[in-house]
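For reference, my_file-v9.cif (mmCIF, C-alpha atoms):
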```
data_work
loop_
_atom_site.label_atom_id
_atom_site.label_comp_id
_atom_site.auth_asym_id
_atom_site.auth_seq_id
_atom_site.Cartn_x
_atom_site.Cartn_y
_atom_site.Cartn_z
CA MET A 1 21.56 139.42 108.67
CA GLU A 2 24.70 137.40 108.24
CA VAL A 3 26.59 139.74 110.57
CA VAL A 4 24.05 139.31 113.31
CA GLN A 5 24.22 135.55 112.94
CA MET A 6 28.01 135.56 113.18
CA GLN A 7 27.96 137.85 116.15
CA ARG A 8 25.40 135.67 117.82
CA ARG A 9 27.56 132.64 117.12
CA PHE A 10 30.50 134.38 118.76
CA VAL A 11 28.48 135.35 121.79
CA GLU A 12 27.02 131.88 122.15
CA TYR A 13 30.37 130.19 121.76
CA ALA A 14 31.98 132.49 124.30
CA ALA A 15 29.07 131.91 126.68
CA SER A 16 29.54 128.16 126.43
CA LEU A 17 33.21 128.49 127.35
CA PHE A 18 32.25 130.38 130.47
CA ARG A 19 29.47 127.96 131.27
CA GLU A 20 31.75 124.96 130.95
CA GLY A 21 34.33 126.57 133.19
CA PHE A 22 37.07 126.93 130.59
CA LEU A 23 37.06 130.66 131.09
CA ASP A 24 36.24 132.77 134.11
CA GLY A 25 35.63 136.44 134.91
CA GLN A 26 39.25 137.35 134.36
CA PHE A 27 38.84 136.73 130.63
CA THR A 28 35.97 139.22 130.66
CA GLN A 29 38.30 141.70 132.35
CA LEU A 30 40.73 141.25 129.46
CA GLN A 31 37.96 141.97 126.98
CA GLN A 32 36.99 145.07 128.94
CA LEU A 33 40.57 146.32 128.86
CA GLN A 34 40.75 146.10 125.09
CA ASP A 35 40.08 149.35 123.27
CA GLU A 36 40.76 151.22 120.03
CA SER A 37 44.28 152.10 121.14
CA ASN A 38 45.08 148.40 121.36
CA PRO A 39 42.46 146.41 119.45
CA ASP A 40 44.48 143.17 119.54
CA PHE A 41 45.11 143.22 123.25
CA VAL A 42 43.26 140.02 124.10
CA VAL A 43 44.84 138.05 121.28
CA GLU A 44 48.28 139.38 122.23
CA VAL A 45 47.99 138.43 125.87
CA VAL A 46 46.54 135.02 125.07
CA SER A 47 49.33 134.38 122.55
CA LEU A 48 51.87 135.20 125.24
CA PHE A 49 50.10 132.72 127.46
CA PHE A 50 50.35 130.00 124.79
CA GLU A 51 54.07 130.61 124.32
CA ASP A 52 54.74 130.74 128.02
CA SER A 53 52.69 127.63 128.79
CA GLU A 54 54.28 125.49 126.13
CA LYS A 55 57.70 126.27 127.50
CA LEU A 56 56.61 125.60 131.07
CA LEU A 57 54.99 122.29 130.15
CA ASN A 58 58.20 121.17 128.46
CA ASP A 59 60.23 122.23 131.47
CA LEU A 60 57.88 120.30 133.69
CA SER A 61 58.13 117.14 131.63
CA ARG A 62 61.88 117.34 131.77
CA ALA A 63 62.02 118.10 135.48
CA LEU A 64 59.81 115.14 136.34
CA ASP A 65 61.86 112.87 134.13
CA GLN A 66 64.96 113.21 136.26
CA GLN A 67 66.37 110.48 138.49
CA ASN A 68 66.18 112.78 141.48
CA VAL A 69 63.27 115.09 140.95
CA ASP A 70 63.83 118.63 142.12
CA PHE A 71 60.37 119.32 143.51
CA LYS A 72 61.17 122.91 144.31
CA ARG A 73 61.86 123.50 140.68
CA VAL A 74 58.75 121.65 139.62
CA ASP A 75 56.68 123.69 142.07
CA SER A 76 58.18 126.90 140.78
CA HIS A 77 57.16 126.07 137.21
CA VAL A 78 53.66 125.11 138.30
CA HIS A 79 53.39 128.33 140.31
CA GLN A 80 54.24 130.28 137.19
CA LEU A 81 51.73 128.41 135.09
CA LYS A 82 49.08 128.87 137.75
CA GLY A 83 49.79 132.59 137.73
CA SER A 84 49.60 133.08 134.02
CA SER A 85 46.50 130.92 133.54
CA SER A 86 44.84 132.85 136.34
CA SER A 87 45.80 136.14 134.71
CA ILE A 88 44.05 135.30 131.46
CA GLY A 89 41.07 133.54 132.98
CA ALA A 90 41.92 129.97 131.97
CA GLN A 91 40.11 128.58 134.97
CA ARG A 92 40.47 124.85 134.41
CA VAL A 93 44.18 125.09 133.78
CA LYS A 94 44.54 127.16 136.93
CA ASN A 95 42.62 124.62 139.00
CA ALA A 96 44.69 121.77 137.63
CA CYS A 97 47.80 123.67 138.71
CA ILE A 98 46.48 124.14 142.21
CA ALA A 99 46.01 120.39 142.58
CA PHE A 100 49.45 119.84 141.09
CA ARG A 101 51.13 122.02 143.70
CA ASN A 102 49.72 119.96 146.53
CA TYR A 103 51.46 116.88 145.16
CA CYS A 104 54.69 118.80 144.71
CA GLU A 105 54.57 119.51 148.40
CA GLU A 106 54.14 115.82 149.10
CA GLN A 107 57.03 115.09 146.75
CA ASN A 108 54.99 112.39 145.08
CA THR A 109 56.44 111.82 141.61
CA ASP A 110 53.71 109.55 140.30
CA ALA A 111 50.95 111.86 141.40
CA CYS A 112 52.85 114.78 139.87
CA LEU A 113 53.14 113.00 136.56
CA SER A 114 49.44 112.36 136.61
CA CYS A 115 48.79 116.02 137.41
CA LEU A 116 51.04 117.06 134.57
CA GLN A 117 48.93 114.98 132.21
CA GLN A 118 45.84 116.67 133.53
CA VAL A 119 47.32 120.13 133.10
CA LYS A 120 48.46 119.34 129.58
CA GLN A 121 44.98 118.14 128.70
CA GLU A 122 43.28 121.22 130.10
CA TYR A 123 45.78 123.46 128.39
CA SER A 124 45.27 121.80 125.05
CA LEU A 125 41.49 122.09 125.40
CA VAL A 126 41.47 125.76 126.30
CA LYS A 127 43.99 126.53 123.58
CA SER A 128 41.86 125.02 120.85
CA LYS A 129 38.73 126.67 122.21
CA LEU A 130 40.35 130.08 122.36
CA GLU A 131 41.69 129.67 118.86
CA THR A 132 38.19 128.84 117.69
CA LEU A 133 36.83 131.85 119.55
CA PHE A 134 39.32 134.16 117.87
CA ARG A 135 38.50 132.68 114.47
CA VAL A 136 34.80 133.22 114.95
CA SER A 137 35.47 136.71 116.24
CA ALA A 138 37.71 137.61 113.31
CA ARG A 139 35.19 136.28 110.83
CA SER A 140 32.34 138.22 112.34
CA LEU A 141 34.47 141.36 112.47
CA LEU A 142 35.44 141.02 108.84
CA LEU A 143 31.84 140.49 107.94
CA LYS A 144 30.81 143.43 110.08
CA ASP A 145 33.39 145.68 108.49
CA LYS A 146 32.26 144.60 105.05
CA THR A 147 28.66 145.31 105.98
CA ASN A 148 29.58 148.59 107.64
CA LEU A 149 31.41 149.74 104.57
CA GLU A 150 28.40 148.87 102.51
CA SER A 151 25.89 150.51 104.78
CA GLY A 152 28.08 153.21 106.31
CA PHE A 153 27.10 152.11 109.81
CA GLN A 154 29.47 151.88 112.76
CA THR A 155 29.29 149.91 115.94
CA SER A 156 31.85 149.05 118.56
CA PHE A 157 32.38 145.33 118.89
CA SER A 158 35.25 144.97 121.30
CA LYS A 159 33.23 145.35 124.47
CA SER A 160 30.66 142.65 123.81
CA ASP A 161 29.07 141.20 126.91
CA CYS A 162 29.83 137.56 127.25
CA MET B 1 51.63 174.47 135.76
CA ALA B 2 48.86 175.05 133.27
CA THR B 3 48.26 171.47 132.15
CA GLU B 4 47.57 168.61 134.59
CA SER B 5 50.63 166.41 134.45
CA GLN B 6 50.03 162.68 134.40
CA PHE B 7 50.87 160.48 137.32
CA HIS B 8 53.72 158.12 136.61
CA VAL B 9 53.55 154.56 137.92
CA LEU B 10 56.44 152.14 138.08
CA ALA B 11 55.26 148.52 137.82
CA VAL B 12 57.53 145.65 138.86
CA ASP B 13 56.78 142.02 137.95
CA ASP B 14 58.87 139.13 136.70
CA SER B 15 55.97 137.71 134.65
CA LEU B 16 55.70 139.10 131.13
CA ILE B 17 51.97 138.44 130.97
CA ASP B 18 51.35 140.21 134.24
CA ARG B 19 53.49 143.14 133.16
CA LYS B 20 51.43 143.48 130.01
CA LEU B 21 48.23 143.32 132.02
CA ILE B 22 49.20 145.84 134.66
CA GLU B 23 50.50 148.17 131.99
CA LYS B 24 47.17 148.11 130.16
CA LEU B 25 45.22 148.54 133.38
CA LEU B 26 47.30 151.58 134.29
CA LYS B 27 47.33 153.10 130.81
CA ASN B 28 43.55 152.78 130.62
CA SER B 29 43.47 154.96 133.73
CA SER B 30 45.59 157.53 131.94
CA TYR B 31 48.72 156.93 133.94
CA GLN B 32 52.16 157.05 132.49
CA VAL B 33 53.68 153.60 132.98
CA THR B 34 57.14 152.13 133.21
CA THR B 35 57.49 148.37 133.68
CA VAL B 36 60.56 146.50 134.89
CA ASP B 37 61.05 142.81 135.54
CA SER B 38 62.94 142.89 138.84
CA GLY B 39 63.40 144.74 142.10
CA SER B 40 66.99 145.63 141.31
CA LYS B 41 65.97 147.15 137.97
CA ALA B 42 63.31 149.10 139.83
CA LEU B 43 65.87 150.54 142.23
CA GLU B 44 68.13 151.36 139.31
CA PHE B 45 65.30 153.23 137.64
CA LEU B 46 64.56 155.09 140.84
CA GLY B 47 68.16 156.19 141.06
CA LEU B 48 69.04 154.15 144.10
CA HIS B 49 72.03 151.88 144.00
CA GLU B 50 71.64 148.55 145.79
CA ASN B 51 75.26 148.34 146.90
CA ASP B 52 75.17 151.66 148.61
CA PRO B 53 71.99 151.95 150.66
CA ASN B 54 73.16 155.07 152.39
CA THR B 55 73.49 157.09 149.25
CA PRO B 56 70.57 159.43 149.06
CA SER B 57 71.49 160.65 145.64
CA VAL B 58 68.56 163.02 145.78
CA SER B 59 67.18 165.38 148.41
CA PRO B 60 63.96 164.59 150.29
CA ASN B 61 62.06 166.95 148.04
CA SER B 62 62.83 164.62 145.18
CA HIS B 63 64.80 166.09 142.35
CA GLN B 64 64.97 162.69 140.65
CA GLU B 65 65.43 162.70 136.95
CA VAL B 66 62.17 160.86 136.50
CA GLU B 67 59.39 161.46 138.96
CA VAL B 68 57.57 158.34 140.07
CA ASN B 69 54.28 158.82 141.85
CA LEU B 70 53.55 155.22 142.80
CA ILE B 71 55.28 151.86 142.74
CA ILE B 72 53.27 148.69 142.26
CA THR B 73 55.17 145.47 142.67
CA ASP B 74 54.65 141.73 142.63
CA TYR B 75 55.52 139.98 145.88
CA CYS B 76 56.99 136.71 144.59
CA MET B 77 60.00 137.49 142.45
CA PRO B 78 63.32 135.69 142.19
CA GLY B 79 66.20 137.52 143.88
CA MET B 80 64.64 140.58 145.46
CA THR B 81 61.05 139.99 146.54
CA GLY B 82 58.45 142.73 146.49
CA TYR B 83 58.78 142.89 150.26
CA ASP B 84 62.55 143.42 150.02
CA LEU B 85 61.95 146.17 147.49
CA LEU B 86 59.36 147.79 149.75
CA LYS B 87 61.82 147.80 152.64
CA LYS B 88 64.58 149.35 150.57
CA ILE B 89 62.23 152.08 149.39
CA LYS B 90 61.03 152.89 152.88
CA GLU B 91 64.61 152.96 154.16
CA SER B 92 65.60 155.50 151.55
CA SER B 93 65.21 159.12 152.53
CA SER B 94 64.67 160.09 148.93
CA LEU B 95 62.13 157.43 148.05
CA ARG B 96 60.19 156.72 151.24
CA ASN B 97 57.38 159.12 150.40
CA ILE B 98 56.49 157.27 147.23
CA PRO B 99 53.41 155.11 147.88
CA VAL B 100 54.01 151.39 147.32
CA VAL B 101 51.41 148.77 146.49
CA ILE B 102 52.04 145.02 146.62
CA MET B 103 50.40 142.40 144.37
CA SER B 104 50.36 138.70 145.05
CA SER B 105 48.72 135.61 143.65
CA GLU B 106 48.77 134.07 147.11
CA ASN B 107 46.41 134.93 149.89
CA VAL B 108 48.59 134.70 152.98
CA PRO B 109 47.30 136.89 155.84
CA SER B 110 50.67 137.08 157.61
CA ARG B 111 52.31 138.20 154.38
CA ILE B 112 49.68 140.87 153.87
CA THR B 113 50.00 142.18 157.42
CA ARG B 114 53.76 142.26 157.15
CA CYS B 115 53.62 144.32 153.96
CA LEU B 116 51.08 146.78 155.34
CA GLU B 117 53.13 147.16 158.51
CA GLU B 118 56.23 147.85 156.47
CA GLY B 119 54.36 150.73 154.84
CA ALA B 120 52.63 149.35 151.77
CA GLU B 121 49.49 151.32 151.02
CA GLU B 122 47.52 148.45 149.56
CA PHE B 123 47.80 144.75 148.93
CA PHE B 124 46.08 143.48 145.79
CA LEU B 125 45.33 139.87 145.11
CA LYS B 126 46.12 138.80 141.57
CA PRO B 127 44.75 138.95 139.01
CA VAL B 128 44.56 142.66 139.54
CA GLN B 129 41.21 144.16 138.56
CA ILE B 130 40.13 147.47 137.14
CA SER B 131 38.50 148.19 140.51
CA ASP B 132 41.87 147.75 142.24
CA VAL B 133 43.57 150.26 139.95
CA ASN B 134 40.78 152.74 140.73
CA ARG B 135 42.06 152.75 144.31
CA LEU B 136 45.47 154.11 143.41
CA LYS B 137 44.71 157.75 142.74
CA PRO B 138 44.04 158.84 146.36
CA HIS B 139 47.47 157.55 147.39
CA MET B 140 49.19 159.50 144.66
CA MET B 141 47.15 162.61 145.40
CA LYS B 142 47.95 162.33 149.09
CA ALA B 143 51.67 162.06 148.42
CA LYS B 144 51.52 165.02 146.08
CA ASN B 145 49.60 167.08 148.65
CA LYS B 146 52.07 166.09 151.32
CA ASP B 147 54.94 167.40 149.23
CA GLN B 148 52.94 170.52 148.50
CA GLN B 149 52.14 171.01 152.20
CA GLN B 150 55.78 170.60 153.11
CA GLU B 151 56.64 173.28 150.60
CA ASN B 152 53.88 175.54 151.89
CA GLN B 153 54.91 174.98 155.47
CA GLU B 154 58.47 175.91 154.71
CA LYS B 155 57.28 178.98 152.87
CA GLN B 156 54.94 179.87 155.73
CA GLU B 157 57.67 179.50 158.33
CA LYS B 158 59.88 181.74 156.30
CA GLN B 159 57.07 184.33 156.07
CA ASP B 160 56.44 184.10 159.81
CA GLU B 161 60.08 184.79 160.51
CA GLU B 162 59.98 187.82 158.28
CA SER B 163 56.71 189.14 159.73
CA GLU B 164 58.05 188.78 163.27
CA GLU B 165 60.86 191.05 162.34
CA THR B 166 58.42 193.69 161.18
CA GLU B 167 56.39 193.31 164.43
CA LYS B 168 53.22 192.44 162.64
CA SER B 169 50.98 189.79 164.20
CA GLU B 170 49.08 187.69 161.73
CA PRO B 171 46.91 184.63 162.10
CA GLY B 172 49.16 183.10 159.46
CA SER B 173 49.71 179.93 161.43
CA GLN B 174 46.12 178.85 160.88
CA GLN B 175 46.74 177.21 157.54
CA PRO B 176 49.47 174.72 158.43
CA GLN B 177 47.47 173.64 161.47
CA GLN B 178 44.35 172.95 159.44
CA GLN B 179 46.38 171.06 156.90
CA HIS B 180 48.02 169.06 159.66
CA GLN B 181 44.61 168.15 161.05
CA GLN B 182 43.46 167.12 157.61
CA GLN B 183 46.54 164.98 157.25
CA GLN B 184 45.87 163.31 160.58
CA GLN B 185 42.28 162.63 159.60
CA GLN B 186 43.38 161.16 156.29
CA GLN B 187 45.93 158.98 158.03
CA GLN B 188 43.34 157.73 160.49
CA GLN B 189 40.89 157.00 157.73
CA SER B 190 43.42 155.07 155.70
CA ASN B 191 44.39 153.07 158.79
CA ASN B 192 40.71 152.26 159.31
CA ASN B 193 40.48 151.17 155.69
CA LYS B 194 43.44 148.87 156.12
CA ARG B 195 41.99 147.30 159.25
CA LYS B 196 38.66 146.85 157.54
CA ALA B 197 40.45 145.31 154.58
CA ILE B 198 41.99 142.61 156.74
CA GLU B 199 38.69 141.91 158.51
CA GLU B 200 36.80 141.83 155.23
CA GLY B 201 39.25 139.34 153.88
CA LEU B 202 38.31 136.79 156.50
CA SER B 203 34.55 136.83 155.89
CA PRO B 204 33.34 133.49 154.51
CA ASP B 205 30.75 134.72 152.03
CA ARG B 206 33.30 136.34 149.77
CA THR B 207 34.44 134.03 147.03
CA ARG B 208 37.76 135.79 146.80
CA PRO B 209 39.10 137.56 149.86
CA ARG B 210 40.26 140.98 148.85
CA TYR B 211 42.73 142.92 150.92
CA SER B 212 42.11 146.16 149.15
CA GLY B 213 39.57 147.76 151.38
CA LEU B 214 36.09 148.70 150.43
CA THR B 215 35.85 147.02 147.05
CA VAL B 216 32.31 145.89 146.39
CA VAL B 217 32.07 142.80 144.26
#
```
Would you encode the structure as structure tokens?
Amino acid sequence: MEVVQMQRRFVEYAASLFREGFLDGQFTQLQQLQDESNPDFVVEVVSLFFEDSEKLLNDLSRALDQQNVDFKRVDSHVHQLKGSSSSIGAQRVKNACIAFRNYCEEQNTDACLSCLQQVKQEYSLVKSKLETLFRVSARSLLLKDKTNLESGFQTSFSKSDC
Amino acid sequence: MATESQFHVLAVDDSLIDRKLIEKLLKNSSYQVTTVDSGSKALEFLGLHENDPNTPSVSPNSHQEVEVNLIITDYCMPGMTGYDLLKKIKESSSLRNIPVVIMSSENVPSRITRCLEEGAEEFFLKPVQISDVNRLKPHMMKAKNKDQQQENQEKQEKQDEESEETEKSEPGSQQPQQQHQQQQQQQQQSNNNKRKAIEEGLSPDRTRPRYSGLTVV
């Protein structure tokens, strides 16, 4: 019973992330790609995204802090962040990046700084939500494995529909 | 060849995340995958040296050390873009028969047209989907068949020469003709697909224009 509750919690939490626009269909694609040969695929890719994003956000802060802002450079960083957020399905981060790029084109420092704040906020939100999602998932898997061992029953969990 | 050998895809992308993604997509389709992070590394892998574009180090029938059946590359890369890489491949007598697919996060119709005109088989919008990867096999099969047909044709011509000498008339020239017709049909069909792809991309009711042909969302 506990397993079912945990699984339901996972499914509901994931569903809320989609509903609130934090995640889009691309995240589902990631889940669909995961299989027994690489059971940590989603976590691995998302971890790469965290690493990559943190570096890019630092680079952006620095670039916008210059006397003479190099907007080409700023745009290049935002382009990268837009790409990676799109690749993992972090929809709100991606959208914030799209807005950001428009202001890069206009070479508007103040607007860019404001966009950077926005992107940082969205990133921080999706990061904490994904971390929660992975925690809930791990817990339910552990519980499932424990129950499976006890009852000798096997199911595949990786391709859950969210 | 008793066992079916796997197709080998070379994926080129400067983004680590995207490389990981495309690798998984391709491996899930049972392809052998090699990933590199730049166009120049791709050319190196393919045995072509940038500085010497006129060095066909291999014959047209491809005796490369590693056989590559398809190249899939990102468009926007620092240094050599995916388009530059495409051009270099099509200019090389040893590599031009390898099908090339371009990926891009940006939906720019002129860019897409330019790539298709330069000889790219498909243009995928990122993030690349499982349904996109499902479109790759026909291109690899076609290239393999083409090589096979070339071999057969050469063999057939040789046989015809020999049979002429022995004054024996044979309807042996039927086969290459049929294959040639098939090839023409396939070429026409793929051209139609490309045209449809561009038209489809401009329709307003699609949330994401896709320039990869008949994908149904």
Hey, which of B:Gln6, B:Ser104, B:Asn97, B:Thr81 ends up closest to chain A? Count all atoms listed in the file.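 Nearest to chain A: B:Ser104.
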Give me the result of the PyMOL selection byres ((chain A and resi 88) around 8) on this file, residue by residue, as an mmCIF file with C-alpha atoms, in the coordinates of the input.
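Result written to result-v3.cif:
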```
data_model
loop_
_atom_site.group_PDB
_atom_site.id
_atom_site.type_symbol
_atom_site.label_atom_id
_atom_site.label_comp_id
_atom_site.auth_asym_id
_atom_site.auth_seq_id
_atom_site.Cartn_x
_atom_site.Cartn_y
_atom_site.Cartn_z
ATOM 1 C CA GLN A 26 39.250 137.350 134.360
ATOM 2 C CA PHE A 27 38.840 136.730 130.630
ATOM 3 C CA LEU A 30 40.730 141.250 129.460
ATOM 4 C CA VAL A 45 47.990 138.430 125.870
ATOM 5 C CA VAL A 46 46.540 135.020 125.070
ATOM 6 C CA PHE A 49 50.100 132.720 127.460
ATOM 7 C CA SER A 84 49.600 133.080 134.020
ATOM 8 C CA SER A 85 46.500 130.920 133.540
ATOM 9 C CA SER A 86 44.840 132.850 136.340
ATOM 10 C CA SER A 87 45.800 136.140 134.710
ATOM 11 C CA GLY A 89 41.070 133.540 132.980
ATOM 12 C CA ALA A 90 41.920 129.970 131.970
#
```
Report, in Å with one decimal, the straight-line distance from atom CA of Phe22 of chain A to atom CA of Gly83 of chain A.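 The value is 15.6 Å.
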Closest atom pairs, residues of chain B within 12 Å of chain A, only C-alpha atoms, as CSV:
```
residue,atom,partner,partner_atom,distance
B:Asp13,CA,A:Gly83,CA,11.7
B:Asp14,CA,A:Gln80,CA,10.0
B:Ser15,CA,A:Ser84,CA,7.9
B:Leu16,CA,A:Leu48,CA,8.0
B:Ile17,CA,A:Val45,CA,6.5
B:Asp18,CA,A:Ser87,CA,6.9
B:Arg19,CA,A:Val45,CA,10.3
B:Lys20,CA,A:Val45,CA,7.4
B:Leu21,CA,A:Val45,CA,7.9
B:Ile22,CA,A:Ser87,CA,10.3
B:Glu23,CA,A:Leu33,CA,10.6
B:Lys24,CA,A:Leu33,CA,7.0
B:Leu25,CA,A:Leu33,CA,6.9
B:Leu26,CA,A:Leu33,CA,10.1
B:Lys27,CA,A:Leu33,CA,9.8
B:Asn28,CA,A:Leu33,CA,7.3
B:Ser29,CA,A:Leu33,CA,10.3
B:Asp74,CA,A:Gly83,CA,11.5
B:Cys76,CA,A:His79,CA,10.1
B:Met77,CA,A:Gln80,CA,10.6
B:Pro78,CA,A:Ser76,CA,10.3
B:Met103,CA,A:Gly83,CA,11.9
B:Ser104,CA,A:Gly83,CA,9.6
B:Ser105,CA,A:Gly83,CA,6.7
B:Glu106,CA,A:Gly83,CA,9.6
B:Leu125,CA,A:Ser87,CA,11.1
B:Lys126,CA,A:Ser87,CA,7.4
B:Pro127,CA,A:Ser87,CA,5.2
B:Val128,CA,A:Ser87,CA,8.2
B:Gln129,CA,A:Gln29,CA,7.3
B:Ile130,CA,A:Gln29,CA,7.7
B:Ser131,CA,A:Gln29,CA,10.4
B:Val217,CA,A:Gly25,CA,11.9
```
For the provided coordinates, the residues matched by the PyMOL selection byres ((chain A and resi 69) around 12) should be stated as an MDAnalysis selection string. chainID A and resid 60:68 70:75 104 107:110 112:113
Export of the given selection (C-alpha atoms) as a PDB file, in the frame of the given file:
```pdb
ATOM      1  CA  LEU A  60      57.880 120.300 133.690  1.00  0.00           C
ATOM      2  CA  SER A  61      58.130 117.140 131.630  1.00  0.00           C
ATOM      3  CA  ARG A  62      61.880 117.340 131.770  1.00  0.00           C
ATOM      4  CA  ALA A  63      62.020 118.100 135.480  1.00  0.00           C
ATOM      5  CA  LEU A  64      59.810 115.140 136.340  1.00  0.00           C
ATOM      6  CA  ASP A  65      61.860 112.870 134.130  1.00  0.00           C
ATOM      7  CA  GLN A  66      64.960 113.210 136.260  1.00  0.00           C
ATOM      8  CA  GLN A  67      66.370 110.480 138.490  1.00  0.00           C
ATOM      9  CA  ASN A  68      66.180 112.780 141.480  1.00  0.00           C
ATOM     10  CA  ASP A  70      63.830 118.630 142.120  1.00  0.00           C
ATOM     11  CA  PHE A  71      60.370 119.320 143.510  1.00  0.00           C
ATOM     12  CA  LYS A  72      61.170 122.910 144.310  1.00  0.00           C
ATOM     13  CA  ARG A  73      61.860 123.500 140.680  1.00  0.00           C
ATOM     14  CA  VAL A  74      58.750 121.650 139.620  1.00  0.00           C
ATOM     15  CA  ASP A  75      56.680 123.690 142.070  1.00  0.00           C
ATOM     16  CA  CYS A 104      54.690 118.800 144.710  1.00  0.00           C
ATOM     17  CA  GLN A 107      57.030 115.090 146.750  1.00  0.00           C
ATOM     18  CA  ASN A 108      54.990 112.390 145.080  1.00  0.00           C
ATOM     19  CA  THR A 109      56.440 111.820 141.610  1.00  0.00           C
ATOM     20  CA  ASP A 110      53.710 109.550 140.300  1.00  0.00           C
ATOM     21  CA  CYS A 112      52.850 114.780 139.870  1.00  0.00           C
ATOM     22  CA  LEU A 113      53.140 113.000 136.560  1.00  0.00           C
TER      23      LEU A 113
END
```
